[in-house]
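Participant: Right, I'll just put the structure down here and ask away after.
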Amino acid sequence: MEPVIDEKTWLQSVLHLMGLDAEIKAVQPPDPKDIHTWLEISAADLSETQLELLLGREGATLDALQFLLNTTMNLQSEMDNQRAYTLELAGYRQKRREELARIAWDAASQVRQSGEEFVFGSLSAAERRQIHVLLQDEPDLDTFSRGKEPERRLVVCLKASTSEGSHDQAD
């Protein structure tokens, strides 16, 4: 059986294979309710070009690396023992969370004013989930996801309009 390595060592190895050497440290999640383990890749150790490479277009490379980290670290763990990891780089995740919150509240306002559903553009499953959670306690609004990847879209609508048709499950 292969020796078990920790998440920081695994991530350090992957970055090294990518030709990147950066410090990895565990940090506190920005939201105290967040149960993920947050790991930060030190931007101070990377050039601007390396940062752009590691982030990728709209965070796609960072998302992929985070997916691989979560999958690899939980591969042989029982469901009850699995941990969720969030990778942070140069404040990207925190800025994106703030941006998603602003967009979500704008969408909620628009739905309330117009009465029509609001369909978001392309979002990752994690981003759709963030907005679902953010708006879940709004008594007059409902959120759901429609379609199949890669065309899956998040929809915000008035609660009364959700009975008019069936919806896919939330992410």
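If you're wondering about the labels, chains in the structure tokens are A, B, ... by order shown, residues count from 1 in each chain, ligands from 1 in order shown.
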Pick out the residues sitting within 9 Å of A:Leu65, and hand them over as an mmCIF file with C-alpha atoms, in the first residue's frame; count only C-alpha atoms, and ignore anything fewer than 6 positions along from it in its own chain.
Facilitator:
```cif
data_model
loop_
_atom_site.group_PDB
_atom_site.id
_atom_site.type_symbol
_atom_site.label_atom_id
_atom_site.label_comp_id
_atom_site.auth_asym_id
_atom_site.auth_seq_id
_atom_site.Cartn_x
_atom_site.Cartn_y
_atom_site.Cartn_z
ATOM 1 C CA LEU A 11 -0.065 20.063 -3.584
ATOM 2 C CA VAL A 14 1.981 18.872 -8.130
ATOM 3 C CA LEU A 54 -2.027 28.870 -12.094
ATOM 4 C CA LEU A 87 -7.486 26.478 -2.731
#
```
Participant: Fewer than 4 positions away in the same chain doesn't count, so skip those; otherwise give me all residues within 12 Å of stretch 125-129 of chain A, counting only C-alpha atoms, as a compact mmCIF listing (two decimals) with C-alpha atoms, in the first residue's frame.
Facilitator:
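Listing of result13.txt after writing:
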```
# COMPACT_ATOMS: atom_id res chain seq x y z
CA GLU A 58 -11.82 32.66 -14.85
CA GLY A 59 -10.07 30.50 -12.25
CA ALA A 60 -10.38 27.32 -14.33
CA ASP A 63 -10.62 25.00 -9.93
CA ALA A 64 -9.12 21.96 -11.67
CA GLN A 66 -8.75 22.08 -6.31
CA PHE A 67 -10.86 19.28 -7.82
CA ALA A 84 -13.40 19.40 1.59
CA TYR A 85 -10.56 21.64 0.45
CA THR A 86 -10.59 25.14 -0.99
CA ARG A 93 -11.54 32.94 -4.02
CA ARG A 96 -14.94 35.83 -6.39
CA ARG A 97 -17.18 35.08 -3.38
CA GLU A 98 -17.80 38.80 -2.90
CA GLU A 99 -18.50 39.20 -6.61
CA LEU A 100 -20.93 36.25 -6.60
CA ALA A 101 -22.75 37.67 -3.57
CA ILE A 103 -24.38 39.32 -8.50
CA ALA A 104 -26.78 37.10 -6.51
CA VAL A 119 -30.79 32.87 -15.53
CA PHE A 120 -27.10 33.15 -14.71
CA GLY A 121 -24.41 32.67 -17.31
CA VAL A 133 -26.86 28.75 -0.20
CA LEU A 134 -26.74 32.55 -0.20
CA LEU A 135 -30.36 32.88 -1.34
CA GLN A 136 -31.84 29.81 0.37
CA THR A 143 -33.10 28.80 -6.89
CA PHE A 144 -32.52 25.74 -9.01
CA SER A 145 -30.21 24.52 -11.72
CA ARG A 146 -31.41 23.70 -15.21
CA LYS A 148 -26.74 19.45 -18.18
CA GLU A 149 -23.04 20.29 -18.01
CA PRO A 150 -21.47 22.20 -19.62
CA GLU A 151 -24.69 24.14 -20.29
CA ARG A 152 -26.05 23.87 -16.73
CA ARG A 153 -27.40 27.22 -15.53
CA LEU A 154 -28.55 28.59 -12.19
CA VAL A 155 -32.03 30.14 -12.13
CA VAL A 156 -33.51 32.50 -9.54
CA GLN A 169 -32.11 19.56 -8.48
CA ALA A 170 -29.92 22.23 -7.00
CA ASP A 171 -26.16 21.72 -7.18
```
Participant: Can you check which residues of chain A DSSP gives as alpha helix (DSSP H) on the backbone and send them as JSON, numbers by chain?
Facilitator: {"A": [7, 8, 9, 10, 11, 12, 13, 14, 15, 16, 17, 48, 49, 50, 51, 52, 53, 54, 55, 60, 61, 62, 63, 64, 65, 66, 67, 68, 69, 70, 71, 72, 73, 74, 92, 93, 94, 95, 96, 97, 98, 99, 100, 101, 102, 103, 104, 105, 106, 107, 108, 109, 110, 111, 112, 113, 114, 125, 126, 127, 128, 129, 130, 131, 132, 133, 134, 135]}
Participant: Mind the document's chain letters and residue numbers, and return as a list in words the residues of stretch 37-111 of chain A that DSSP labels strand (DSSP E or B).
Facilitator: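 The strand (DSSP E or B) subset of stretch 37-111 of chain A is Thr37, Trp38, Leu39, Glu40, Ile41, Tyr85, Thr86, Leu87, Glu88 and Leu89 of chain A.
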Participant: Neighbours of A:Ala90 within 10 Å (only C-alpha atoms; same-chain residues fewer than 2 positions away dropped), as a list in words?
Facilitator: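 Listing them by chain and then by number gives Glu40, Ile41, Ser42, Ala43, Ala44, Leu51, Leu55, Glu88, Tyr92, Arg93, Gln94 and Lys95 of chain A.
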Participant: Store the residues picked out above, limited to C-alpha atoms, as an mmCIF file, in the first residue's frame.
Facilitator:
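What follows is the written file again.cif:
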```
data_model
loop_
_atom_site.group_PDB
_atom_site.id
_atom_site.type_symbol
_atom_site.label_atom_id
_atom_site.label_comp_id
_atom_site.auth_asym_id
_atom_site.auth_seq_id
_atom_site.Cartn_x
_atom_site.Cartn_y
_atom_site.Cartn_z
ATOM 1 C CA GLU A 40 -3.294 29.130 0.296
ATOM 2 C CA ILE A 41 -0.649 29.026 -2.400
ATOM 3 C CA SER A 42 1.794 31.851 -1.667
ATOM 4 C CA ALA A 43 1.606 34.390 -4.482
ATOM 5 C CA ALA A 44 4.819 36.009 -3.191
ATOM 6 C CA LEU A 51 0.099 33.468 -11.208
ATOM 7 C CA LEU A 55 -5.278 30.824 -11.999
ATOM 8 C CA GLU A 88 -6.808 30.191 -2.475
ATOM 9 C CA TYR A 92 -9.000 35.082 -5.915
ATOM 10 C CA ARG A 93 -11.539 32.935 -4.019
ATOM 11 C CA GLN A 94 -12.455 35.691 -1.576
ATOM 12 C CA LYS A 95 -12.845 38.278 -4.352
#
```
Participant: I'd like the interatomic distance between atom CA of A:Leu39 and atom CA of A:Lys25, to a tenth of an Å.
Facilitator: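 Between atom CA of A:Leu39 and atom CA of A:Lys25 the gap is 5.6 Å.
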Participant: Using Å and a single decimal, report how far atom CA of A:Thr61 sits from atom CA of A:Arg83.
Facilitator: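 We find that atom CA of A:Arg83 and atom CA of A:Thr61 lie 20.8 Å from each other.
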Participant: For A:Leu69, which residue out of A:Gln82, A:Glu138, A:Asp34, A:Ala22 is the nearest one, using only C-alpha atoms?
Facilitator: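 Between A:Gln82, A:Glu138, A:Asp34, A:Ala22, the residue approaching A:Leu69 most closely is A:Gln82.
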Participant: With only C-alpha atoms as the counted atoms, please give the residues lying no more than 9 Å from A:Gln12, apart from itself and same-chain residues fewer than 3 positions off, as a list of chain:residue names.
Facilitator: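 Counting only C-alpha atoms, the residues come to A:Glu7, A:Lys8, A:Thr9, A:Leu15, A:His16, A:Leu17, A:Leu20, A:Asp21, A:Ala22, A:Glu23, A:Ile24.
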Participant: Find, counting only C-alpha atoms, the residue in A:Met18, A:Met73, A:Leu68, A:Leu123 that gets nearest to A:Asp6.
Facilitator: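 Nearest candidate to A:Asp6 out of A:Met18, A:Met73, A:Leu68, A:Leu123: A:Met73.
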Participant: In Å to one decimal, how far is atom CA of A:Val27 from atom CA of A:Ser124?
Facilitator: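 One can read the atom CA of A:Ser124 to atom CA of A:Val27 distance as 23.0 Å.
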Participant: Would you mind telling me which residue in A:Ile5, A:Leu46, A:Leu53, A:Val111 lies nearest to A:Thr72 when using only C-alpha atoms?
Facilitator: A:Ile5
Participant: Counting only C-alpha atoms, figure out which residue out of A:Gly19, A:Ser114, A:Met79, A:Ala26 gets nearest to A:Trp38.
Facilitator: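 Once distances to A:Trp38 are computed over only C-alpha atoms, the minimum belongs to A:Ala26.
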